[in-house]
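The block underneath contains the structure these notes are about, expressed in structure tokens.
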6 protein chains.
Amino acid sequence: MYELGIVKRHITRADRVAVDQLAGFGVATVHEAMGRVGLMKPTMRPIYAGAHVAGPAVTVLLHPGDNWMMHVVAEQIARGDVVVAAVTADCTDGFFGDLLATSFRARGAGGLVIDAGVRDVKDLTAMGFPVWSKAISAKGTIKATIGSVNIPVVCAGALVNPGDVVVADDDGVVIVPAALAAKTAAAAAAREANEAEKRAKLAAGVLGLDMYKMREPLEKAGLRYVD
Amino acid sequence: MYELGIVKRHITRADRVAVDQLAGFGVATVHEAMGRVGLMKPTMRPIYAGAHVAGPAVTVLLHPGDNWMMHVVAEQIARGDVVVAAVTADCTDGFFGDLLATSFRARGAGGLVIDAGVRDVKDLTAMGFPVWSKAISAKGTIKATIGSVNIPVVCAGALVNPGDVVVADDDGVVIVPAALAAKTAAAAAAREANEAEKRAKLAAGVLGLDMYKMREPLEKAGLRYVD
Amino acid sequence: MYELGIVKRHITRADRVAVDQLAGFGVATVHEAMGRVGLMKPTMRPIYAGAHVAGPAVTVLLHPGDNWMMHVVAEQIARGDVVVAAVTADCTDGFFGDLLATSFRARGAGGLVIDAGVRDVKDLTAMGFPVWSKAISAKGTIKATIGSVNIPVVCAGALVNPGDVVVADDDGVVIVPAALAAKTAAAAAAREANEAEKRAKLAAGVLGLDMYKMREPLEKAGLRYVD
Amino acid sequence: MYELGIVKRHITRADRVAVDQLAGFGVATVHEAMGRVGLMKPTMRPIYAGAHVAGPAVTVLLHPGDNWMMHVVAEQIARGDVVVAAVTADCTDGFFGDLLATSFRARGAGGLVIDAGVRDVKDLTAMGFPVWSKAISAKGTIKATIGSVNIPVVCAGALVNPGDVVVADDDGVVIVPAALAAKTAAAAAAREANEAEKRAKLAAGVLGLDMYKMREPLEKAGLRYVD
Amino acid sequence: MYELGIVKRHITRADRVAVDQLAGFGVATVHEAMGRVGLMKPTMRPIYAGAHVAGPAVTVLLHPGDNWMMHVVAEQIARGDVVVAAVTADCTDGFFGDLLATSFRARGAGGLVIDAGVRDVKDLTAMGFPVWSKAISAKGTIKATIGSVNIPVVCAGALVNPGDVVVADDDGVVIVPAALAAKTAAAAAAREANEAEKRAKLAAGVLGLDMYKMREPLEKAGLRYVD
Amino acid sequence: MYELGIVKRHITRADRVAVDQLAGFGVATVHEAMGRVGLMKPTMRPIYAGAHVAGPAVTVLLHPGDNWMMHVVAEQIARGDVVVAAVTADCTDGFFGDLLATSFRARGAGGLVIDAGVRDVKDLTAMGFPVWSKAISAKGTIKATIGSVNIPVVCAGALVNPGDVVVADDDGVVIVPAALAAKTAAAAAAREANEAEKRAKLAAGVLGLDMYKMREPLEKAGLRYVD
């Protein structure tokens with residue numbers, strides 16, 4: 001599936017306006033707005049609570065235990081990009097730490113999503129550099145085998161094309177294809193528009209059963225109340 | 001084991017006085033007071049540190065990827081209840097978020113224990129609505145299949161009858177059968193009564209070996225000291 | 001592999017000066033300084049963020065569900081020691097809580113590393129007693145079977161001899177053999193010496209590709225840039 | 001939940017005729033006939049392929065690493081019973097081997113379902129003694145702590161009351177409450193009755209789309225065909 | 001990433017000659033011939049030993065606990081195709097059993113690769129219908145939500161486009177992009193060509209160290225022999 | 001803990017007579033004879049049923065995704081040795097296949113125990129070359145980084161010194177220190193001596209409760225029988 005040894009320099013990033021709009025929504029809302037698809041696995045967790053980022057993906061394909069390509073991808077980062085790192089086999093090693101974070105930040109990266117481990121998490125937290133990973137591990141890596149940059153990758157179960165929008169928060173990570181960014185932002189906005197009203201009703205004690213008119217379909221489905 | 005399509009409206013909740021007494025103890029103490037049984041699996045974790053709740057269980061049985069019954073159970077919540085949600089097969093989807101939490105809180109719920117995933121954890125944390133779950137996931141659910149409310153359920157390895165007492169804190173979740181609530185509260189109180197004294201002795205440097213008179217049984221068991 | 005029923009009273013602790021030097025470095029740095037070995041598995045996590053400890057290991061071998069030997073090891077703790085607890089089979093029970101922590105602290109322990117579960121984590125956090133474990137669980141243990149103290153143990157995949165140096169922080173746990181403590185501390189210091197300079201360069205936008213002179217070896221390895 | 005230290009000698013076993021009828025169906029059919037409930041987790045696997053058993057449950061509650069109660073439950077086995085063993089915390093130790101299997105077989109046991117590990121699997125296979133377990137492990141156990149026999153237990157996520165029917169095959173394990181055994185057997189028979197006809201149609205190339213008349217509901221649900 | 005509610009009827013299958021050539025190689029060889037990429041995760045296991053299949057992929061995207069689309073994909077199977085089933089979230093339910101296998105076989109399917117569970121494995125084995133799955137589970141599914149057929153899917157970590165070649169054996173599953181099928185078959189053939197000679201040398205006692213001329217590079221890398 | 005870049009050529013193998021005696025016992029018996037220690041984790045499984053081997057360990061330390069040292073260890077194999085391969089971090093890649101097995105067999109190896117993955121399992125099974133591993137994976141490895149041969153390693157939780165006795169069967173893998181080999185063989189023999197008699201009694205219907213005289217201690221422990 002993957003072509004190895006390639007660095008694609010010019011990618012088409014999702015529309016900036018749409019990215020900025022998507023940045024205003026949580027991952028759950030964005031994922032619902034796409035029809036409940038596009039999520040990475042829930043094994044991907046932020047290294048500190050409260051992190052929230054949205055930006056175009058620059059992608060990198062790594063080999064287990066080898067972070068050489070992390071230096072290659074650094075050069076391809078434009079301001080606001082989110083690096084998405086996939087690995088060719090399961091690995092929890094610490095591919096990324098405070099030095100790479102310093103470099104990524106200097107390039108303008110908004111954050112990192114990596115289907116592996118990271119280290120120096122105390123420093124990363126102090127820097128406010130957001131990372132979503134499946135592990136925290138001090139295990140170091142070598143620089144021996146080349147992968148690729150800005151090819152399509154599978155990261156934590158999600159297909160990510162370079163330029164797609166990455167949205168990540170405490171609930172996880174979702175990928176919005178670049179071509180769907182504007183449409184998804186609009187759908188997310190529509191979804192949120194009436195949430196305030198719903199929330200107020202629910203807070204006032206109205207039941208979802210009544211607000212969503214569920215009583216009849218539930219009865220039809222066979223639900224019965226007993227004492 | 002499970003009867004599907006049932007909502008039991010009237011349940012016998014554990015004695016309020018006993019519930020309030022149990023609320024004063026940690027999960028570890030309560031579980032010891034019952035003879036070291038009744039715990040849910042340690043995969044059940046609070047979504048934020050420091051949460052602590054005790055209350056009668058209202059139970060709900062869900063199907064994987066389907067949170068329809070969460071709206072049904074909302075109506076059955078009395079002030080102080082803790083909702084216990086089981087699923088008929090392993091699932092990490094996000095069955096519960098800020099809208100449902102708003103509704104549950106309006107009904108007086110003390111918290112939620114769910115053997116699945118939840119989302120909007122930043123909002124839930126801000127609300128101070130405590131949840132114990134096995135996953136955090138933005139993955140949304142559908143409303144297609146009915147389960148049951150207030151039937152006995154197995155949640156994270158523990159049998160929970162409606163009305164049983166749920167005690168949950170940073171160490172996990174324990175279930176106290178309603179009939180044993182008062183007895184367990186008394187046993188927990190007895191257990192804690194002499195802990196202050198023990199703690200003071202240990203802090204002063206007295207060894208457990210001496211305080212608990214373990215040297216002789218250890219020697220009998222064959223322990224020997226070498227240089 | 002293990003001799004059971006033994007308590008070794010006199011162990012040779014790593015050189016105090018070297019231990020104090022190692023305490024100044026993070027786990028990732030120490031592990032790199034040893035040639036990328038000596039780490040415990042990344043399943044070992046601190047119970048609260050920001051914990052950092054270094055000290056000689058006193059070791060204890062436990063049986064699943066049985067914490068009797070935790071009281072035996074308490075007596076062997078010297079000021080600054082870190083207790084390393086291994087179990088003869090996988091177990092997530094809560095072997096350690098606030099009473100034992102009070103005792104360990106009174107003996108001068110710097111912390112605990114245990115390949116199992118712990119409980120009373122709110123109290124341990126309040127005490128500032130650092131623990132690295134693979135689980136948090138309220139499940140209590142019994143006192144029925146003897147193990148050993150201060151024998152070599154395998155803990156979370158790492159061999160630990162009594163007196164070895166344990167270094168633990170947010171990134172995990174690393175073991176430095178006592179005989180290598182001084183040499184490792186020196187290597188770690190050398191490693192960190194030029195990190196400040198590197199960090200400044202990277203922060204100024206210099207790429208790792210250039211700073212580490214990677215462009216030529218990457219090209220030799222076959223990397224090619226496309227548009 | 002559990003009362004410890006109890007051996008219930010007289011239990012009400014499910015109707016023998018219904019048990020024998022259920023023995024004629026696979027686990028998948030039985031579970032569907034109950035409304036898709038009652039299954040143990042898919043972590044429960046047979047130690048050899050082709051095993052198939054149905055019989056009333058005699059239950060035993062064990063502590064981790066302690067198989068003392070396996071000898072107690074042996075005495076309560078009647079011809080054709082299936083022993084269901086639960087443990088109070090996660091454990092993969094080998095609680096059962098060829099000696100116990102010899103004893104169980106002499107008592108007439110049809111098999112064992114255990115939410116833990118077993119050993120001597122080559123011998124058990126040679127004996128044709130069927131076991132469903134979550135692990136195979138040579139790890140031995142002690143005899144120090146009492147549990148209970150013939151109390152309701154939670155085993156691999158399923159509630160099992162003594163006397164309930166256990167059906168187990170290559171697909172897993174399902175529990176049929178004694179009171180539902182006859183009704184479930186009838187529902188399973190009805191379910192299988194028209195399967196032969198369906199199978200013949202499908203084998204002849206008729207599509208499920210047509211046989212189940214799914215084309216219209218799929219179209220209503222929004223499915224569209226493109227080239 | 002995924003468009004839902006689509007069935008693509010016309011797909012471009014990999015060249016038949018190349019597929020037949022690839023069928024002559026094992027998964028390990030094919031994956032090496034592509035540069036060590038394209039494998040699904042090792043959690044994907046055959047339901048019986050000795051299964052081996054190669055064929056063009058027809059893909060289906062399912063929702064957790066819902067196998068409705070399995071009937072839709074059946075119609076799109078051409079002789080020799082291998083169905084690749086992905087799910088939008090982790091799920092181990094049994095989506096596939098003997099009735100669907102009968103239908104798939106009647107359509108000419110060579111096998112099934114599914115990132116979920118299957119059931120009726122005794123029947124599937126008797127039929128000789130090969131399946132690679134991550135679980136075996138009797139848990140049934142519903143038919144409520146539509147997915148898609150013949151869109152690109154991510155299955156067990158691998159991107160699969162309809163028409164790509166699936167090769168599966170006891171070692172796992174690899175995906176060869178249709179456009180690379182002929183080239184990969186050639187590379188695999190070249191790889192195997194000299195294996196017979198190598199095998200003979202190794203069988204005669206020649207060491208890989210000498211046959212591959214590794215002694216010098218190992219020495220350069222710092223390896224030293226001690227007594 | 002580990003010294004890298006070392007190949008120790010001369011090791012002291014356990015006494016041949018003791019090894020041959022140990023070969024006559026199962027893993028469970030040997031592990032009991034050592035006091036229930038020395039087992040590898042139950043994640044280590046044979047690639048085919050019925051495999052059974054005993055022999056002195058030659059050890060190899062690998063890096064994740066790198067099998068270079070497997071060729072180095074091949075040269076150190078003496079007839080009857082069992083290779084024990086550890087990895088410096090978790091990895092499921094396929095480090096070993098039919099070519100290496102051909103080489104190992106030509107050197108006289110009795111088998112392989114590896115805390116990682118292997119491939120070509122159909123060939124290995126046909127050859128009758130026994131392997132215990134934690135995974136089966138077609139994923140290939142590189143040859144870039146040196147490890148060590150015949151140093152002490154931690155493999156699947158067990159400490160293995162070169163020359164120790166490895167015993168492996170369907171129940172798992174146990175390590176007997178060379179110095180304890182004769183003593184352990186004697187203890188295993190003593191253990192088995194009276195098993196035939198016990199088995200006969202149990203087969204005749206005598207209960208373990210009576211044969212082991214457990215009724216009194218159980219009653220003392222508080223067990224009570226109810227109707």
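Going by the structure tokens order, chains are called A, B, ..., each with residues numbered from 1, while ligands are numbered from 1 in the order shown.
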For chain B, which residues have at least one atom within 12 Å of chain D, if we go by only C-alpha atoms? Write them as an MDAnalysis selection string, please. chainID B and resid 1:5 31 34:43 61:64 86:91 115 145:148 152:161 164:166 174:181 184
Generate a file of the selected residues that holds N, CA and C atoms, formatted as a compact mmCIF listing (two decimals), in the first residue's frame.
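Output (again07.txt):
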# COMPACT_ATOMS: atom_id res chain seq x y z
N MET B 1 -29.97 -14.70 30.40
CA MET B 1 -29.96 -14.11 31.75
C MET B 1 -30.80 -12.85 31.80
N TYR B 2 -30.74 -12.10 30.70
CA TYR B 2 -31.38 -10.79 30.72
C TYR B 2 -32.75 -10.85 30.06
N GLU B 3 -33.75 -10.19 30.65
CA GLU B 3 -35.01 -10.00 29.96
C GLU B 3 -34.93 -8.64 29.28
N LEU B 4 -35.20 -8.65 27.99
CA LEU B 4 -35.09 -7.41 27.21
C LEU B 4 -36.45 -6.74 27.08
N GLY B 5 -36.42 -5.41 26.94
CA GLY B 5 -37.65 -4.68 26.67
C GLY B 5 -38.46 -4.34 27.90
N HIS B 31 -14.98 -2.48 50.16
CA HIS B 31 -14.77 -3.80 49.58
C HIS B 31 -14.17 -4.77 50.61
N MET B 34 -16.76 -6.04 53.03
CA MET B 34 -17.66 -7.08 52.53
C MET B 34 -16.95 -8.42 52.37
N GLY B 35 -15.67 -8.48 52.74
CA GLY B 35 -14.96 -9.75 52.58
C GLY B 35 -14.19 -9.81 51.28
N ARG B 36 -13.82 -8.67 50.77
CA ARG B 36 -13.01 -8.56 49.53
C ARG B 36 -13.76 -9.06 48.30
N VAL B 37 -15.02 -8.71 48.20
CA VAL B 37 -15.79 -9.02 46.99
C VAL B 37 -16.55 -7.77 46.54
N GLY B 38 -17.17 -7.87 45.36
CA GLY B 38 -18.08 -6.81 44.91
C GLY B 38 -17.45 -5.75 44.04
N LEU B 39 -16.15 -5.85 43.77
CA LEU B 39 -15.48 -4.83 42.95
C LEU B 39 -15.75 -5.04 41.46
N MET B 40 -15.86 -3.94 40.75
CA MET B 40 -15.78 -4.01 39.30
C MET B 40 -14.31 -4.16 38.90
N LYS B 41 -14.09 -4.52 37.65
CA LYS B 41 -12.72 -4.69 37.17
C LYS B 41 -11.96 -3.35 37.21
N PRO B 42 -10.63 -3.42 37.36
CA PRO B 42 -9.86 -2.17 37.44
C PRO B 42 -9.77 -1.42 36.10
N THR B 43 -10.35 -1.97 35.05
CA THR B 43 -10.46 -1.21 33.80
C THR B 43 -11.42 -0.04 33.94
N LEU B 61 -29.48 -1.74 30.64
CA LEU B 61 -28.79 -2.67 29.76
C LEU B 61 -28.84 -2.14 28.34
N LEU B 62 -27.67 -1.94 27.76
CA LEU B 62 -27.55 -1.35 26.43
C LEU B 62 -27.06 -2.40 25.43
N HIS B 63 -27.27 -2.14 24.16
CA HIS B 63 -26.63 -2.93 23.11
C HIS B 63 -25.42 -2.15 22.60
N PRO B 64 -24.43 -2.84 22.06
CA PRO B 64 -23.23 -2.16 21.55
C PRO B 64 -23.60 -1.08 20.52
N ALA B 86 -24.68 -1.34 31.64
CA ALA B 86 -24.00 -2.53 31.12
C ALA B 86 -24.31 -2.65 29.63
N VAL B 87 -23.46 -3.37 28.91
CA VAL B 87 -23.64 -3.54 27.48
C VAL B 87 -23.59 -5.04 27.18
N THR B 88 -24.37 -5.49 26.20
CA THR B 88 -24.45 -6.95 25.95
C THR B 88 -23.20 -7.52 25.28
N ALA B 89 -22.31 -6.65 24.78
CA ALA B 89 -21.04 -7.12 24.25
C ALA B 89 -20.02 -5.99 24.40
N ASP B 90 -18.74 -6.36 24.35
CA ASP B 90 -17.69 -5.36 24.55
C ASP B 90 -17.81 -4.23 23.54
N CYS B 91 -17.72 -2.99 24.02
CA CYS B 91 -17.88 -1.82 23.16
C CYS B 91 -17.24 -0.63 23.85
N ASP B 115 -19.83 0.46 31.51
CA ASP B 115 -18.82 -0.48 31.01
C ASP B 115 -18.66 -0.30 29.50
N THR B 145 -32.27 -0.22 19.00
CA THR B 145 -32.63 -1.49 19.64
C THR B 145 -32.91 -1.25 21.12
N ILE B 146 -33.96 -1.89 21.62
CA ILE B 146 -34.29 -1.67 23.03
C ILE B 146 -33.55 -2.67 23.92
N GLY B 147 -33.22 -2.19 25.12
CA GLY B 147 -32.65 -3.05 26.15
C GLY B 147 -33.61 -3.04 27.32
N SER B 148 -33.11 -2.88 28.51
CA SER B 148 -33.98 -2.87 29.69
C SER B 148 -33.47 -1.88 30.73
N PRO B 152 -31.49 -6.80 36.89
CA PRO B 152 -30.11 -7.09 37.33
C PRO B 152 -29.18 -7.11 36.11
N VAL B 153 -28.01 -6.50 36.25
CA VAL B 153 -27.05 -6.48 35.14
C VAL B 153 -25.67 -6.88 35.64
N VAL B 154 -24.85 -7.36 34.71
CA VAL B 154 -23.43 -7.58 35.00
C VAL B 154 -22.66 -6.43 34.37
N CYS B 155 -21.97 -5.65 35.21
CA CYS B 155 -21.23 -4.49 34.72
C CYS B 155 -19.78 -4.62 35.14
N ALA B 156 -18.88 -4.72 34.18
CA ALA B 156 -17.45 -4.82 34.46
C ALA B 156 -17.17 -5.92 35.48
N GLY B 157 -17.86 -7.05 35.33
CA GLY B 157 -17.60 -8.21 36.15
C GLY B 157 -18.39 -8.28 37.45
N ALA B 158 -19.16 -7.22 37.76
CA ALA B 158 -19.91 -7.21 39.02
C ALA B 158 -21.41 -7.32 38.73
N LEU B 159 -22.10 -8.11 39.55
CA LEU B 159 -23.55 -8.20 39.44
C LEU B 159 -24.15 -6.99 40.18
N VAL B 160 -25.04 -6.27 39.50
CA VAL B 160 -25.67 -5.09 40.11
C VAL B 160 -27.18 -5.25 40.03
N ASN B 161 -27.82 -5.28 41.19
CA ASN B 161 -29.27 -5.27 41.23
C ASN B 161 -29.73 -3.83 41.44
N ASP B 164 -29.12 -1.56 44.71
CA ASP B 164 -27.85 -1.80 45.40
C ASP B 164 -27.09 -0.48 45.54
N VAL B 165 -26.14 -0.45 46.47
CA VAL B 165 -25.37 0.78 46.64
C VAL B 165 -24.10 0.73 45.78
N VAL B 166 -23.90 1.79 45.03
CA VAL B 166 -22.68 1.97 44.25
C VAL B 166 -21.77 2.93 45.02
N VAL B 174 -17.28 -0.24 43.68
CA VAL B 174 -17.72 -1.42 44.40
C VAL B 174 -19.24 -1.38 44.52
N ILE B 175 -19.86 -2.57 44.51
CA ILE B 175 -21.30 -2.68 44.64
C ILE B 175 -21.64 -3.36 45.95
N VAL B 176 -22.48 -2.71 46.76
CA VAL B 176 -22.94 -3.30 48.01
C VAL B 176 -24.42 -3.68 47.85
N PRO B 177 -24.73 -4.98 47.96
CA PRO B 177 -26.15 -5.36 47.88
C PRO B 177 -26.98 -4.57 48.89
N ALA B 178 -28.17 -4.17 48.48
CA ALA B 178 -29.01 -3.34 49.34
C ALA B 178 -29.19 -3.97 50.72
N ALA B 179 -29.36 -5.29 50.75
CA ALA B 179 -29.63 -5.96 52.03
C ALA B 179 -28.42 -5.94 52.96
N LEU B 180 -27.24 -5.69 52.38
CA LEU B 180 -26.03 -5.70 53.20
C LEU B 180 -25.51 -4.30 53.50
N ALA B 181 -26.26 -3.27 53.08
CA ALA B 181 -25.73 -1.91 53.16
C ALA B 181 -25.42 -1.49 54.59
N THR B 184 -22.60 -3.56 56.08
CA THR B 184 -21.31 -3.21 55.48
C THR B 184 -20.82 -1.85 55.98
Taking the DSSP secondary structure from the backbone, can you list the residues of segment 16-222 of chain B that are strand (DSSP E or B), as a ChimeraX atom specification? /B:39,45-46,53-63,66,82-87,94,111-118,131-136,142,148-149,153-155,158-160,165-169,172-176
Leaving out His71 of chain C and any residue of its chain fewer than 4 positions from it, which residues lie within 12 Å of it when counting only C-alpha atoms, given as number ranges by chain? B: 202, 206-215, 218; C: 7, 60-62, 66-67, 75-77, 83, 85, 95-96, 99-104, 107, 143, 146-149
Write to file, as a tab-separated table (two decimals), in the first residue's frame, the residues of the selection just made, with N, CA, C and O atoms.
chain	number	residue	atom	x	y	z
B	202	LEU	N	2.64	3.62	62.63
B	202	LEU	CA	3.49	3.40	61.46
B	202	LEU	C	4.29	4.66	61.14
B	202	LEU	O	5.47	4.60	60.80
B	206	VAL	N	7.08	2.45	63.85
B	206	VAL	CA	6.77	1.07	64.23
B	206	VAL	C	6.55	0.29	62.94
B	206	VAL	O	5.92	0.77	62.01
B	207	LEU	N	7.07	-0.92	62.91
B	207	LEU	CA	6.92	-1.74	61.71
B	207	LEU	C	5.63	-2.55	61.76
B	207	LEU	O	5.21	-2.99	62.85
B	208	GLY	N	5.02	-2.77	60.60
B	208	GLY	CA	3.88	-3.67	60.52
B	208	GLY	C	4.22	-5.05	61.04
B	208	GLY	O	3.39	-5.73	61.66
B	209	LEU	N	5.47	-5.48	60.81
B	209	LEU	CA	5.94	-6.77	61.32
B	209	LEU	C	5.67	-6.91	62.81
B	209	LEU	O	5.29	-7.99	63.29
B	210	ASP	N	5.87	-5.80	63.55
B	210	ASP	CA	5.66	-5.84	64.99
B	210	ASP	C	4.22	-5.51	65.35
B	210	ASP	O	3.60	-6.17	66.18
B	211	MET	N	3.67	-4.48	64.71
B	211	MET	CA	2.32	-4.05	65.03
B	211	MET	C	1.31	-5.18	64.78
B	211	MET	O	0.38	-5.36	65.55
B	212	TYR	N	1.52	-5.90	63.69
B	212	TYR	CA	0.60	-7.01	63.36
B	212	TYR	C	1.11	-8.36	63.89
B	212	TYR	O	0.54	-9.39	63.57
B	213	LYS	N	2.21	-8.35	64.64
B	213	LYS	CA	2.78	-9.59	65.20
B	213	LYS	C	2.99	-10.65	64.11
B	213	LYS	O	2.52	-11.79	64.21
B	214	MET	N	3.69	-10.27	63.06
B	214	MET	CA	3.90	-11.18	61.93
B	214	MET	C	5.19	-11.98	62.01
B	214	MET	O	5.39	-12.90	61.23
B	215	ARG	N	6.09	-11.62	62.92
B	215	ARG	CA	7.41	-12.26	62.89
B	215	ARG	C	7.33	-13.76	63.12
B	215	ARG	O	7.99	-14.55	62.43
B	218	LEU	N	5.68	-15.65	60.13
B	218	LEU	CA	6.60	-15.65	58.98
B	218	LEU	C	7.70	-16.69	59.18
B	218	LEU	O	8.08	-17.40	58.25
C	7	VAL	N	15.30	-13.39	53.16
C	7	VAL	CA	15.44	-11.94	53.32
C	7	VAL	C	16.92	-11.63	53.45
C	7	VAL	O	17.56	-12.02	54.43
C	60	VAL	N	11.55	-6.88	46.36
C	60	VAL	CA	10.67	-7.81	47.03
C	60	VAL	C	9.92	-8.63	45.99
C	60	VAL	O	9.48	-8.10	44.98
C	61	LEU	N	9.85	-9.93	46.25
C	61	LEU	CA	9.12	-10.83	45.36
C	61	LEU	C	7.83	-11.26	46.05
C	61	LEU	O	7.86	-11.84	47.14
C	62	LEU	N	6.71	-10.98	45.39
C	62	LEU	CA	5.39	-11.25	45.95
C	62	LEU	C	4.70	-12.37	45.18
C	62	LEU	O	5.04	-12.64	44.03
C	66	ASP	N	-1.20	-11.48	47.32
C	66	ASP	CA	-0.64	-11.68	48.67
C	66	ASP	C	0.43	-10.61	48.94
C	66	ASP	O	1.49	-10.61	48.31
C	67	ASN	N	0.16	-9.73	49.88
C	67	ASN	CA	1.12	-8.64	50.13
C	67	ASN	C	1.90	-8.79	51.43
C	67	ASN	O	2.43	-7.82	51.97
C	75	GLU	N	11.11	-3.25	56.63
C	75	GLU	CA	12.20	-3.21	57.62
C	75	GLU	C	13.56	-3.04	56.97
C	75	GLU	O	14.52	-2.60	57.62
C	76	GLN	N	13.67	-3.41	55.70
C	76	GLN	CA	14.97	-3.38	55.01
C	76	GLN	C	15.23	-2.07	54.28
C	76	GLN	O	16.28	-1.91	53.65
C	77	ILE	N	14.27	-1.14	54.38
C	77	ILE	CA	14.42	0.14	53.67
C	77	ILE	C	15.39	1.06	54.41
C	77	ILE	O	15.25	1.27	55.61
C	83	VAL	N	11.60	1.00	46.69
C	83	VAL	CA	11.20	-0.40	46.74
C	83	VAL	C	10.74	-0.85	45.35
C	83	VAL	O	9.97	-0.15	44.69
C	85	ALA	N	8.90	-3.98	43.54
C	85	ALA	CA	8.11	-5.17	43.86
C	85	ALA	C	7.73	-5.92	42.60
C	85	ALA	O	7.11	-5.37	41.70
C	95	PHE	N	-1.88	-4.03	46.11
C	95	PHE	CA	-0.99	-4.55	47.15
C	95	PHE	C	-0.55	-3.49	48.15
C	95	PHE	O	0.10	-3.83	49.14
C	96	PHE	N	-0.82	-2.23	47.89
C	96	PHE	CA	-0.17	-1.14	48.64
C	96	PHE	C	-1.15	0.02	48.74
C	96	PHE	O	-1.79	0.37	47.74
C	99	LEU	N	-1.63	3.04	54.42
C	99	LEU	CA	-0.96	2.61	55.67
C	99	LEU	C	0.47	2.15	55.37
C	99	LEU	O	1.41	2.57	56.05
C	100	LEU	N	0.63	1.33	54.35
C	100	LEU	CA	1.98	0.90	53.98
C	100	LEU	C	2.83	2.09	53.54
C	100	LEU	O	4.03	2.16	53.83
C	101	ALA	N	2.21	3.04	52.85
C	101	ALA	CA	2.97	4.22	52.42
C	101	ALA	C	3.45	5.03	53.63
C	101	ALA	O	4.57	5.55	53.64
C	102	THR	N	2.61	5.07	54.64
C	102	THR	CA	3.01	5.76	55.87
C	102	THR	C	4.22	5.07	56.48
C	102	THR	O	5.18	5.71	56.93
C	103	SER	N	4.17	3.75	56.49
C	103	SER	CA	5.29	2.98	57.04
C	103	SER	C	6.55	3.14	56.20
C	103	SER	O	7.65	3.38	56.72
C	104	PHE	N	6.39	3.02	54.89
C	104	PHE	CA	7.55	3.15	54.00
C	104	PHE	C	8.19	4.54	54.15
C	104	PHE	O	9.42	4.68	54.19
C	107	ARG	N	10.24	4.93	57.14
C	107	ARG	CA	11.53	4.27	56.98
C	107	ARG	C	12.45	5.04	56.04
C	107	ARG	O	13.59	4.65	55.85
C	143	LYS	N	-2.43	-12.42	53.37
C	143	LYS	CA	-1.08	-12.60	53.92
C	143	LYS	C	-0.93	-14.08	54.24
C	143	LYS	O	-1.14	-14.50	55.37
C	146	ILE	N	4.92	-16.84	51.67
C	146	ILE	CA	6.13	-16.03	51.74
C	146	ILE	C	6.82	-15.96	50.38
C	146	ILE	O	6.78	-16.90	49.59
C	147	GLY	N	7.44	-14.84	50.13
C	147	GLY	CA	8.29	-14.65	48.97
C	147	GLY	C	9.71	-14.38	49.45
C	147	GLY	O	10.17	-15.03	50.38
C	148	SER	N	10.35	-13.39	48.86
C	148	SER	CA	11.71	-13.06	49.27
C	148	SER	C	11.95	-11.56	49.23
C	148	SER	O	11.22	-10.83	48.56
C	149	VAL	N	13.01	-11.13	49.92
C	149	VAL	CA	13.41	-9.72	49.92
C	149	VAL	C	14.88	-9.62	49.56
C	149	VAL	O	15.69	-10.40	50.05
Please provide the set of residues having any atom within 7 Å of Leu112 of chain B, restricted to only C-alpha atoms, with same-chain residues fewer than 5 positions apart removed, written as JSON, numbers by chain. {"B": [82, 83, 84, 130, 131, 132]}
Those residues you just picked out, can you put them in a file as a CSV table (one decimal), in the first residue's frame with C-alpha atoms?
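Final output, saved to part-v3.csv:
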chain,number,residue,atom,x,y,z
B,82,VAL,CA,-26.1,6.4,40.4
B,83,VAL,CA,-26.8,5.1,36.9
B,84,VAL,CA,-25.0,1.7,36.2
B,130,PRO,CA,-18.5,12.1,37.8
B,131,VAL,CA,-18.3,9.2,35.4
B,132,TRP,CA,-16.4,5.8,35.7
